[in-house]
$ cat work_36.cif   # mmCIF, C-alpha atoms (C1' of nucleotides)
data_structure
loop_
_atom_site.label_atom_id
_atom_site.label_comp_id
_atom_site.auth_asym_id
_atom_site.auth_seq_id
_atom_site.Cartn_x
_atom_site.Cartn_y
_atom_site.Cartn_z
CA MET A 13 7.95 1.87 -5.18
CA GLN A 14 8.46 -1.44 -6.86
CA ARG A 15 5.55 -3.28 -5.44
CA THR A 16 5.44 -7.05 -5.16
CA LYS A 17 2.88 -8.77 -7.38
CA PHE A 18 0.20 -10.49 -5.35
CA GLY A 19 -1.89 -11.89 -8.16
CA ASP A 20 0.36 -14.89 -8.72
CA MET A 21 0.47 -16.08 -5.13
CA ALA A 22 -1.29 -19.30 -4.23
CA CYS A 23 -3.40 -17.50 -1.68
CA SER A 24 -6.90 -16.20 -2.10
CA ILE A 25 -6.23 -13.37 0.29
CA ALA A 26 -3.28 -12.21 -1.80
CA ARG A 27 -5.33 -12.50 -4.99
CA THR A 28 -8.08 -10.43 -3.45
CA LEU A 29 -5.51 -7.89 -2.32
CA ASP A 30 -4.18 -7.77 -5.85
CA VAL A 31 -7.50 -6.22 -6.85
CA ILE A 32 -8.30 -3.99 -3.88
CA GLY A 33 -5.22 -4.21 -1.69
CA GLU A 34 -4.21 -0.64 -2.09
CA PRO A 35 -6.02 1.61 0.37
CA TRP A 36 -8.08 3.82 -1.95
CA SER A 37 -9.84 1.06 -3.83
CA PRO A 38 -12.24 0.01 -1.07
CA LEU A 39 -13.23 3.62 -0.55
CA ILE A 40 -13.84 4.06 -4.26
CA LEU A 41 -16.06 0.97 -4.27
CA ARG A 42 -17.92 2.27 -1.25
CA ASP A 43 -18.54 5.56 -3.01
CA VAL A 44 -19.81 3.87 -6.15
CA TYR A 45 -21.98 1.63 -4.00
CA VAL A 46 -23.66 4.56 -2.28
CA GLY A 47 -24.21 6.42 -5.55
CA ILE A 48 -21.15 8.63 -5.75
CA ASP A 49 -20.32 7.20 -9.12
CA ARG A 50 -18.74 9.90 -11.27
CA PHE A 51 -15.12 10.96 -11.52
CA GLU A 52 -15.57 14.46 -10.15
CA GLN A 53 -17.83 13.32 -7.34
CA ILE A 54 -15.48 10.60 -6.17
CA GLN A 55 -12.52 12.91 -6.37
CA ALA A 56 -14.25 15.59 -4.32
CA ASP A 57 -15.68 13.14 -1.81
CA LEU A 58 -12.44 11.30 -1.07
CA GLY A 59 -9.95 14.08 -1.65
CA ILE A 60 -7.91 11.61 -3.66
CA SER A 61 -5.41 12.89 -6.18
CA ARG A 62 -6.94 12.97 -9.69
CA LYS A 63 -3.94 11.11 -11.03
CA VAL A 64 -4.32 8.24 -8.59
CA LEU A 65 -8.07 8.14 -9.05
CA THR A 66 -7.61 7.75 -12.80
CA GLU A 67 -5.21 4.87 -12.24
CA ARG A 68 -7.42 3.14 -9.70
CA LEU A 69 -10.56 3.40 -11.79
CA LYS A 70 -8.72 2.01 -14.78
CA TRP A 71 -7.46 -0.90 -12.72
CA LEU A 72 -10.83 -1.62 -11.15
CA VAL A 73 -12.45 -1.64 -14.58
CA GLU A 74 -9.73 -3.92 -15.95
CA SER A 75 -10.22 -6.21 -12.97
CA GLY A 76 -13.92 -6.47 -13.74
CA VAL A 77 -15.27 -5.03 -10.51
CA LEU A 78 -16.42 -1.75 -12.07
CA GLU A 79 -17.80 -0.83 -15.46
CA ARG A 80 -17.67 2.55 -17.08
CA HIS A 81 -21.08 3.50 -18.42
CA GLN A 82 -21.53 6.46 -20.70
CA TYR A 83 -25.11 7.36 -19.84
CA GLU A 84 -25.19 10.55 -21.86
CA THR A 85 -23.47 11.45 -25.10
CA ARG A 86 -24.05 15.19 -25.36
CA PRO A 87 -22.36 16.29 -23.21
CA PRO A 88 -20.45 13.05 -22.63
CA ARG A 89 -21.10 11.93 -19.08
CA SER A 90 -20.07 8.64 -17.65
CA ALA A 91 -20.64 6.83 -14.40
CA TYR A 92 -18.96 3.85 -12.84
CA VAL A 93 -21.16 0.96 -11.79
CA LEU A 94 -20.46 -2.18 -9.81
CA THR A 95 -20.44 -5.51 -11.60
CA ALA A 96 -21.56 -8.70 -9.83
CA LYS A 97 -17.93 -9.30 -8.97
CA GLY A 98 -17.71 -5.81 -7.53
CA THR A 99 -20.95 -6.07 -5.62
CA GLU A 100 -19.62 -9.08 -3.78
CA LEU A 101 -16.64 -7.01 -2.75
CA VAL A 102 -19.04 -4.65 -1.04
CA ASP A 103 -19.77 -7.54 1.31
CA LEU A 104 -16.15 -7.28 2.33
CA LEU A 105 -16.66 -3.59 3.02
CA MET A 106 -19.57 -4.38 5.29
CA VAL A 107 -17.29 -6.56 7.38
CA MET A 108 -14.77 -3.72 7.48
CA VAL A 109 -17.52 -1.43 8.72
CA ALA A 110 -18.45 -3.86 11.46
CA TRP A 111 -14.84 -4.07 12.60
CA GLY A 112 -14.27 -0.33 12.36
CA ASP A 113 -17.45 0.38 14.31
CA THR A 114 -16.30 -1.95 17.07
CA TRP A 115 -12.60 -1.22 17.28
CA ALA A 116 -11.98 2.18 15.74
CA ASP A 117 -14.81 4.28 17.12
CA ASP A 118 -13.64 7.78 17.99
CA GLY A 119 -16.34 8.12 20.63
CA THR A 120 -19.00 9.72 18.47
CA GLY A 121 -20.58 6.46 17.39
CA PRO A 122 -20.77 4.89 13.94
CA PRO A 123 -20.78 7.38 11.06
CA VAL A 124 -23.14 5.25 8.99
CA LEU A 125 -25.91 2.88 9.97
CA TYR A 126 -27.16 -0.09 8.03
CA ARG A 127 -30.80 -1.05 8.06
CA HIS A 128 -31.46 -4.63 7.06
CA ARG A 129 -34.43 -4.54 4.69
CA ALA A 130 -35.58 -8.03 5.59
CA CYS A 131 -36.14 -7.26 9.29
CA GLY A 132 -36.15 -3.47 9.28
CA GLN A 133 -33.61 -3.23 12.07
CA ILE A 134 -30.38 -1.29 12.29
CA SER A 135 -27.87 -4.09 12.32
CA HIS A 136 -24.48 -5.28 11.21
CA VAL A 137 -23.11 -8.38 9.58
CA GLU A 138 -21.99 -11.59 11.23
CA LEU A 139 -20.20 -14.53 9.68
CA HIS A 140 -22.00 -17.81 9.35
CA CYS A 141 -21.15 -21.15 7.83
CA ALA A 142 -22.49 -21.56 4.31
CA HIS A 143 -23.12 -25.20 5.09
CA CYS A 144 -24.80 -25.39 8.48
CA GLY A 145 -25.68 -21.75 9.05
CA GLU A 146 -24.03 -21.56 12.45
CA SER A 147 -21.54 -18.89 13.45
CA MET A 148 -18.19 -19.31 11.70
CA ARG A 149 -15.34 -17.19 12.97
CA ALA A 150 -11.58 -17.39 12.99
CA ARG A 151 -11.55 -19.70 16.00
CA ASP A 152 -14.20 -22.02 14.59
CA VAL A 153 -12.29 -23.36 11.64
CA GLU A 154 -9.54 -25.78 10.84
CA ILE A 155 -7.27 -25.05 7.94
CA LEU A 156 -6.46 -27.69 5.35
CA PRO A 157 -4.44 -27.57 2.14
CA GLY A 158 -6.68 -27.34 -0.92
CA PRO A 159 -6.23 -28.48 -4.53
CA GLY A 160 -4.65 -25.17 -5.57
CA ALA A 161 -2.03 -25.24 -2.82
CA ALA A 162 1.54 -24.44 -3.80
CA ALA A 163 3.77 -27.47 -4.32
CA MET B 22 4.87 8.79 -1.25
CA GLN B 23 3.09 11.13 1.05
CA ARG B 24 0.15 9.01 1.91
CA THR B 25 -3.19 10.45 2.99
CA LYS B 26 -4.17 9.75 6.60
CA PHE B 27 -7.25 7.55 6.80
CA GLY B 28 -7.60 7.34 10.55
CA ASP B 29 -9.29 10.71 10.87
CA MET B 30 -12.01 10.12 8.31
CA ALA B 31 -15.59 9.76 9.49
CA CYS B 32 -15.83 6.36 7.86
CA SER B 33 -15.37 2.99 9.48
CA ILE B 34 -13.99 1.55 6.27
CA ALA B 35 -11.29 4.22 6.18
CA ARG B 36 -10.49 3.67 9.84
CA THR B 37 -10.15 -0.05 9.24
CA LEU B 38 -7.93 0.66 6.26
CA ASP B 39 -5.81 2.88 8.45
CA VAL B 40 -4.82 -0.26 10.35
CA ILE B 41 -4.58 -2.88 7.61
CA GLY B 42 -5.09 -0.92 4.39
CA GLU B 43 -1.66 -1.47 3.08
CA PRO B 44 -1.39 -4.75 1.20
CA TRP B 45 1.09 -6.69 3.36
CA SER B 46 -0.74 -6.37 6.65
CA PRO B 47 -3.55 -8.82 5.91
CA LEU B 48 -1.00 -11.40 4.79
CA ILE B 49 1.02 -10.90 7.95
CA LEU B 50 -2.11 -11.42 10.03
CA ARG B 51 -2.93 -14.56 8.06
CA ASP B 52 0.55 -15.90 8.71
CA VAL B 53 0.33 -15.22 12.42
CA TYR B 54 -3.10 -16.78 12.47
CA VAL B 55 -1.88 -20.04 10.92
CA GLY B 56 1.14 -20.21 13.22
CA ILE B 57 3.83 -18.52 11.17
CA ASP B 58 4.45 -16.09 13.97
CA ARG B 59 8.15 -15.21 14.06
CA PHE B 60 10.03 -12.55 12.18
CA GLU B 61 12.21 -14.87 10.14
CA GLN B 62 9.35 -17.20 9.32
CA ILE B 63 7.05 -14.46 8.13
CA GLN B 64 9.81 -12.87 6.10
CA ALA B 65 10.65 -16.15 4.40
CA ASP B 66 7.02 -17.13 3.85
CA LEU B 67 5.90 -13.87 2.31
CA GLY B 68 9.11 -12.75 0.63
CA ILE B 69 8.50 -9.32 2.10
CA SER B 70 11.41 -6.94 2.54
CA ARG B 71 12.79 -7.08 6.07
CA LYS B 72 12.59 -3.34 6.34
CA VAL B 73 8.91 -3.25 5.49
CA LEU B 74 8.15 -6.21 7.70
CA THR B 75 9.76 -4.43 10.65
CA GLU B 76 7.63 -1.35 10.00
CA ARG B 77 4.44 -3.32 9.58
CA LEU B 78 4.91 -5.39 12.71
CA LYS B 79 5.63 -2.26 14.70
CA TRP B 80 2.49 -0.60 13.37
CA LEU B 81 0.32 -3.65 13.96
CA VAL B 82 1.56 -3.89 17.53
CA GLU B 83 0.96 -0.16 18.07
CA SER B 84 -2.50 -0.56 16.65
CA GLY B 85 -3.25 -3.32 19.11
CA VAL B 86 -3.93 -6.13 16.68
CA LEU B 87 -0.70 -8.01 17.44
CA GLU B 88 1.40 -8.45 20.54
CA ARG B 89 5.06 -9.28 20.69
CA HIS B 90 5.69 -12.13 23.11
CA GLN B 91 9.17 -13.06 24.20
CA TYR B 92 8.65 -16.74 24.93
CA GLU B 93 12.29 -17.50 25.55
CA THR B 94 15.06 -15.35 26.99
CA ARG B 95 18.16 -17.38 26.27
CA PRO B 96 18.46 -17.24 23.37
CA PRO B 97 15.91 -14.41 23.04
CA ARG B 98 13.06 -15.61 20.85
CA SER B 99 9.87 -13.75 20.28
CA ALA B 100 6.62 -14.49 18.54
CA TYR B 101 3.78 -12.31 17.45
CA VAL B 102 0.30 -13.26 18.61
CA LEU B 103 -3.13 -11.96 17.68
CA THR B 104 -5.07 -9.93 20.21
CA ALA B 105 -8.86 -10.07 20.36
CA LYS B 106 -8.90 -7.02 18.10
CA GLY B 107 -6.63 -8.82 15.68
CA THR B 108 -8.55 -12.06 15.78
CA GLU B 109 -11.65 -10.23 14.63
CA LEU B 110 -9.68 -8.95 11.68
CA VAL B 111 -9.12 -12.56 10.69
CA ASP B 112 -12.87 -12.69 10.09
CA LEU B 113 -12.27 -10.10 7.43
CA LEU B 114 -9.62 -12.32 5.90
CA MET B 115 -12.10 -15.18 5.73
CA VAL B 116 -14.38 -13.01 3.63
CA MET B 117 -11.43 -12.15 1.40
CA VAL B 118 -10.76 -15.84 1.00
CA ALA B 119 -14.36 -16.49 0.00
CA TRP B 120 -14.21 -13.72 -2.60
CA GLY B 121 -10.83 -14.79 -3.91
CA ASP B 122 -11.95 -18.42 -4.17
CA THR B 123 -14.96 -17.36 -6.19
CA TRP B 124 -13.57 -14.64 -8.40
CA ALA B 125 -9.82 -15.06 -8.56
CA ASP B 126 -9.38 -18.80 -8.99
CA ASP B 127 -6.58 -19.59 -11.41
CA GLY B 128 -8.22 -22.88 -12.39
CA THR B 129 -6.50 -25.10 -9.86
CA GLY B 130 -9.10 -24.66 -7.15
CA PRO B 131 -8.78 -23.02 -3.74
CA PRO B 132 -5.30 -23.19 -2.20
CA VAL B 133 -6.67 -23.57 1.29
CA LEU B 134 -9.82 -25.20 2.62
CA TYR B 135 -11.68 -24.34 5.79
CA ARG B 136 -13.38 -26.98 7.83
CA HIS B 137 -16.05 -25.64 10.14
CA ARG B 138 -15.54 -27.42 13.47
CA ALA B 139 -19.19 -27.16 14.43
CA CYS B 140 -20.46 -29.15 11.47
CA GLY B 141 -17.29 -30.79 10.24
CA GLN B 142 -17.83 -29.69 6.67
CA ILE B 143 -15.52 -27.91 4.29
CA SER B 144 -17.29 -24.60 3.96
CA HIS B 145 -16.92 -20.87 3.61
CA VAL B 146 -18.39 -17.83 5.28
CA GLU B 147 -21.64 -16.07 4.46
CA LEU B 148 -22.91 -12.77 5.79
CA HIS B 149 -25.94 -12.74 8.01
CA CYS B 150 -27.81 -10.08 9.92
CA ALA B 151 -26.75 -9.90 13.57
CA HIS B 152 -30.34 -9.10 14.44
CA CYS B 153 -32.56 -11.53 12.55
CA GLY B 154 -30.00 -14.03 11.32
CA GLU B 155 -31.10 -13.85 7.69
CA SER B 156 -28.74 -13.24 4.81
CA MET B 157 -27.43 -9.67 4.75
CA ARG B 158 -25.56 -8.64 1.65
CA ALA B 159 -24.80 -5.38 -0.12
CA ARG B 160 -28.19 -5.36 -1.82
CA ASP B 161 -30.11 -6.10 1.36
CA VAL B 162 -29.35 -2.96 3.28
CA GLU B 163 -30.34 0.67 3.39
CA ILE B 164 -27.76 3.22 4.39
CA LEU B 165 -28.53 5.89 6.97
CA PRO B 166 -26.39 8.60 8.55
CA GLY B 167 -25.27 7.63 12.07
CA PRO B 168 -24.34 9.67 15.15
CA GLY B 169 -20.68 9.90 14.14
CA ALA B 170 -21.43 11.22 10.66
CA ALA B 171 -19.39 14.16 9.41
CA ALA B 172 -21.06 17.55 9.78
"C1'" DA C 13 -16.46 34.68 -27.62
"C1'" DC C 14 -16.44 33.77 -22.93
"C1'" DA C 15 -17.21 31.31 -18.92
"C1'" DC C 16 -18.07 26.78 -16.94
"C1'" DT C 17 -18.27 21.68 -16.04
"C1'" DC C 18 -16.70 17.03 -16.55
"C1'" DA C 19 -12.98 13.91 -17.08
"C1'" DG C 20 -8.79 13.31 -17.44
"C1'" DT C 21 -3.35 14.13 -18.42
"C1'" DT C 22 1.20 16.18 -17.44
"C1'" DC C 23 4.77 17.58 -14.48
"C1'" DC C 24 7.26 18.02 -10.27
"C1'" DT C 25 8.31 16.81 -5.48
"C1'" DT C 26 8.37 13.68 -1.74
"C1'" DA C 27 8.37 9.43 0.49
"C1'" DA C 28 7.47 4.45 0.64
"C1'" DG C 29 8.72 -0.31 -1.05
"C1'" DG C 30 12.49 -3.64 -2.56
"C1'" DG C 31 16.75 -5.53 -1.82
"C1'" DA C 32 21.12 -6.35 -0.20
"C1'" DA C 33 24.50 -5.57 3.26
"C1'" DC C 34 25.48 -5.05 7.76
"C1'" DC C 35 25.02 -5.60 13.01
"C1'" DC C 36 24.28 -7.41 17.67
"C1'" DC C 37 23.07 -11.15 20.69
"C1'" DC C 38 23.19 -15.70 22.00
"C1'" DC C 39 24.50 -20.46 21.53
"C1'" DA C 40 27.26 -24.73 19.70
"C1'" DA C 41 31.22 -26.90 17.64
"C1'" DC C 42 36.01 -27.19 16.81
"C1'" DG D 9 38.33 -18.79 22.53
"C1'" DT D 10 37.43 -18.20 17.97
"C1'" DT D 11 34.62 -19.50 14.22
"C1'" DG D 12 29.96 -20.45 12.49
"C1'" DG D 13 25.13 -19.99 12.46
"C1'" DG D 14 20.39 -18.45 13.45
"C1'" DG D 15 17.15 -14.96 15.09
"C1'" DG D 16 15.74 -10.29 14.80
"C1'" DG D 17 16.33 -6.57 13.26
"C1'" DT D 18 18.82 -1.63 11.11
"C1'" DT D 19 21.12 1.04 7.38
"C1'" DC D 20 21.87 2.15 2.85
"C1'" DC D 21 20.69 3.14 -1.93
"C1'" DC D 22 17.55 2.85 -5.92
"C1'" DT D 23 13.23 2.87 -8.02
"C1'" DT D 24 8.58 3.94 -8.29
"C1'" DA D 25 4.15 5.38 -6.54
"C1'" DA D 26 1.35 9.01 -4.18
"C1'" DG D 27 0.16 14.08 -3.67
"C1'" DG D 28 -0.80 18.15 -5.63
"C1'" DA D 29 -1.41 21.70 -8.76
"C1'" DA D 30 -1.59 23.23 -13.40
"C1'" DC D 31 -3.05 22.27 -17.93
"C1'" DT D 32 -6.01 20.17 -21.77
"C1'" DG D 33 -9.95 19.38 -24.46
"C1'" DA D 34 -14.70 18.27 -25.51
"C1'" DG D 35 -19.17 20.02 -24.94
"C1'" DT D 36 -22.68 22.99 -23.46
"C1'" DG D 37 -25.10 27.66 -21.78
"C1'" DT D 38 -25.41 32.75 -22.42
#

$ encode --input "work_36.cif" --output "structure tokens"
Amino acid sequence: MQRTKFGDMACSIARTLDVIGEPWSPLILRDVYVGIDRFEQIQADLGISRKVLTERLKWLVESGVLERHQYETRPPRSAYVLTAKGTELVDLLMVMVAWGDTWADDGTGPPVLYRHRACGQISHVELHCAHCGESMRARDVEILPGPGAAA
Amino acid sequence: MQRTKFGDMACSIARTLDVIGEPWSPLILRDVYVGIDRFEQIQADLGISRKVLTERLKWLVESGVLERHQYETRPPRSAYVLTAKGTELVDLLMVMVAWGDTWADDGTGPPVLYRHRACGQISHVELHCAHCGESMRARDVEILPGPGAAA
DNA sequence: ACACTCAGTTCCTTAAGGGAACCCCCCAAC
DNA sequence: GTTGGGGGGTTCCCTTAAGGAACTGAGTGT
């Protein structure tokens, strides 16, 4: 497959997809987020090919969303941990979860629940405006060209 | 490529990725969202191969996130429109935009700005708890097995 | 010395993406 | 009434990525 490069597009969605646009990456980040953070564990949990997992991990580390930490030297054992950049991608995963729970439920209910520490309730995420705090969804915004728009 | 099926996994992230996990789909949805809603327009805007675009559109329609509307019969002209299911996916795109603006800026600033109609300000989305309304990010939640968890 | 685990690497097969050419339908101009 | 052009695809070939299994190699543990 000669895949098109997304990183150069003047589009923040495309640039985000350049990092995690291929389907395994979000699942790898999820695994690392929940503590499945070593090569063998991730491979077994996802059933991903070892070859592809190696490639993805390398790319995610290069992209600065994961770091490889050798936490033991004898025997050498390493774990992957989320950087700040990677942790903010987990926010994206939480929105995916909310959508999947709503629109792709197989009838058995959500596989994972999220308890919000602040209020103690099982909940999910909603999108709000960073400025006024009110709900901010697709239908609530107007789109304008920004400074980095293509010529 | 014999790609692994994500739709059957007991994971809402995987089930979401089953629909839009391949890198072009989010960009197609973005295009439709901003009004680039016809085959030729999308193809020209994204530079995607016509073959792949045909496949993607078919899949997105099958998945219920887009609908094909023939708005003119002579000559036959059709446009793709977002369903409710698809419109909620645009929320996901807005989070991608926020991440891309923050972490993948090439120095020229964001290519697109979003004005929140409610407050009139240029803004971006933040994640809040659907229950208490407070900020709800990756670090603010506890993960629990839900009813649809794998055995 | 032998088995075992972790973390990859190598090799082969299959299928998906890119790209260009081609096709059909409808309309408009010459 | 045939040529030209646009919309909306389909067909073809080529390249490359994903899957999968086997192999490697360092480092214990017995």

$ closest_residue --input "work_36.cif" --among "C:DA19, C:DG29, C:DA13, C:DC37" --to "Arg77 of chain B" --atoms "all atoms listed in the file"
C:DG29

$ resolve_selection --input "work_36.cif" --expression "the PyMOL selection byres ((chain A) within 12 of (chain D))" --output "list in words"
Met13, Gln14, Arg15, Thr16, Glu34, Pro35, Trp36, Gly59, Ile60, Ser61, Arg62, Lys63, Val64, Leu65, Glu67, Arg68, Glu84, Thr85, Arg86, Pro87, Pro88 and Arg89 of chain A

$ write_last_selection --input "work_36.cif" --atoms "C-alpha atoms" --output "PDB file, in the coordinates of the input"
ATOM      1  CA  MET A  13       7.950   1.870  -5.180  1.00  0.00           C
ATOM      2  CA  GLN A  14       8.460  -1.440  -6.860  1.00  0.00           C
ATOM      3  CA  ARG A  15       5.550  -3.280  -5.440  1.00  0.00           C
ATOM      4  CA  THR A  16       5.440  -7.050  -5.160  1.00  0.00           C
ATOM      5  CA  GLU A  34      -4.210  -0.640  -2.090  1.00  0.00           C
ATOM      6  CA  PRO A  35      -6.020   1.610   0.370  1.00  0.00           C
ATOM      7  CA  TRP A  36      -8.080   3.820  -1.950  1.00  0.00           C
ATOM      8  CA  GLY A  59      -9.950  14.080  -1.650  1.00  0.00           C
ATOM      9  CA  ILE A  60      -7.910  11.610  -3.660  1.00  0.00           C
ATOM     10  CA  SER A  61      -5.410  12.890  -6.180  1.00  0.00           C
ATOM     11  CA  ARG A  62      -6.940  12.970  -9.690  1.00  0.00           C
ATOM     12  CA  LYS A  63      -3.940  11.110 -11.030  1.00  0.00           C
ATOM     13  CA  VAL A  64      -4.320   8.240  -8.590  1.00  0.00           C
ATOM     14  CA  LEU A  65      -8.070   8.140  -9.050  1.00  0.00           C
ATOM     15  CA  GLU A  67      -5.210   4.870 -12.240  1.00  0.00           C
ATOM     16  CA  ARG A  68      -7.420   3.140  -9.700  1.00  0.00           C
ATOM     17  CA  GLU A  84     -25.190  10.550 -21.860  1.00  0.00           C
ATOM     18  CA  THR A  85     -23.470  11.450 -25.100  1.00  0.00           C
ATOM     19  CA  ARG A  86     -24.050  15.190 -25.360  1.00  0.00           C
ATOM     20  CA  PRO A  87     -22.360  16.290 -23.210  1.00  0.00           C
ATOM     21  CA  PRO A  88     -20.450  13.050 -22.630  1.00  0.00           C
ATOM     22  CA  ARG A  89     -21.100  11.930 -19.080  1.00  0.00           C
TER      23      ARG A  89
END

$ closest_residue --input "work_36.cif" --among "A:Pro38, A:Ile25, A:Ser90, A:Lys17" --to "chain C" --atoms "only C-alpha atoms (C1' of nucleotides)"
A:Ser90

$ closest_atom_pairs --input "work_36.cif" --of "chain C" --to "chain A" --cutoff "9 Å" --atoms "only C-alpha atoms (C1' of nucleotides)" --output "CSV"
residue,atom,partner,partner_atom,distance
C:DC18,C1',A:Glu52,CA,7.0
C:DA19,C1',A:Phe51,CA,6.6
C:DG20,C1',A:Thr66,CA,7.3
C:DT21,C1',A:Lys63,CA,8.0
C:DA28,C1',A:Met13,CA,6.4
C:DG29,C1',A:Met13,CA,4.7
C:DG30,C1',A:Gln14,CA,6.3

$ resolve_selection --input "work_36.cif" --expression "the PyMOL selection byres ((chain A) within 7 of (chain B))" --output "ChimeraX atom specification"
/A:22-25,27-29,33-35,97,99,102-105,107-109,112-113,115-116,120-129,131,135-144,148-150,152-161

$ atom_distance --input "work_36.cif" --atom1 "atom CA of Lys70 of chain A" --atom2 "atom C1' of DA27 of chain C"
24.1 Å

$ atom_distance --input "work_36.cif" --atom1 "atom CA of Gln91 of chain B" --atom2 "atom CA of Ala65 of chain B"
20.1 Å

$ atom_distance --input "work_36.cif" --atom1 "atom CA of Thr95 of chain A" --atom2 "atom CA of Arg80 of chain A"
10.1 Å

$ closest_residue --input "work_36.cif" --among "B:Gln64, B:Glu83, B:Leu50, B:Leu78" --to "Leu103 of chain B" --atoms "only C-alpha atoms"
B:Leu50

$ axis_aligned_box --input "work_36.cif" --around "segment 25-38 of chain C" --padding-each-side "5 Å" --output "lines of an AutoDock Vina configuration file"
center_x = 16.5
center_y = 0.6
center_z = 8.3
size_x = 28.0
size_y = 42.5
size_z = 37.5

$ decode --input "work_36.cif" --residues "segment 65-92 of chain A" --atoms "C-alpha atoms" --output "PDB file, in the first residue's frame"
ATOM      1  CA  LEU A  65       3.131  -3.909  16.904  1.00  0.00           C
ATOM      2  CA  THR A  66       6.862  -3.281  16.632  1.00  0.00           C
ATOM      3  CA  GLU A  67       6.275  -0.771  13.849  1.00  0.00           C
ATOM      4  CA  ARG A  68       3.464   1.006  15.655  1.00  0.00           C
ATOM      5  CA  LEU A  69       5.338   1.305  18.930  1.00  0.00           C
ATOM      6  CA  LYS A  70       8.346   2.691  17.114  1.00  0.00           C
ATOM      7  CA  TRP A  71       6.185   5.252  15.360  1.00  0.00           C
ATOM      8  CA  LEU A  72       4.330   6.252  18.510  1.00  0.00           C
ATOM      9  CA  VAL A  73       7.617   6.743  20.329  1.00  0.00           C
ATOM     10  CA  GLU A  74       9.016   8.777  17.421  1.00  0.00           C
ATOM     11  CA  SER A  75       5.853  10.865  17.427  1.00  0.00           C
ATOM     12  CA  GLY A  76       6.338  11.637  21.100  1.00  0.00           C
ATOM     13  CA  VAL A  77       3.127  10.126  22.419  1.00  0.00           C
ATOM     14  CA  LEU A  78       4.825   7.154  24.083  1.00  0.00           C
ATOM     15  CA  GLU A  79       8.165   6.683  25.777  1.00  0.00           C
ATOM     16  CA  ARG A  80      10.026   3.443  26.185  1.00  0.00           C
ATOM     17  CA  HIS A  81      11.179   3.037  29.774  1.00  0.00           C
ATOM     18  CA  GLN A  82      13.625   0.346  30.745  1.00  0.00           C
ATOM     19  CA  TYR A  83      12.569  -0.173  34.342  1.00  0.00           C
ATOM     20  CA  GLU A  84      14.797  -3.151  34.967  1.00  0.00           C
ATOM     21  CA  THR A  85      18.209  -4.005  33.578  1.00  0.00           C
ATOM     22  CA  ARG A  86      18.689  -7.604  34.651  1.00  0.00           C
ATOM     23  CA  PRO A  87      16.753  -9.073  32.985  1.00  0.00           C
ATOM     24  CA  PRO A  88      16.090  -6.157  30.649  1.00  0.00           C
ATOM     25  CA  ARG A  89      12.429  -5.250  30.921  1.00  0.00           C
ATOM     26  CA  SER A  90      10.847  -2.232  29.385  1.00  0.00           C
ATOM     27  CA  ALA A  91       7.447  -0.629  29.512  1.00  0.00           C
ATOM     28  CA  TYR A  92       5.808   1.982  27.370  1.00  0.00           C
TER      29      TYR A  92
END
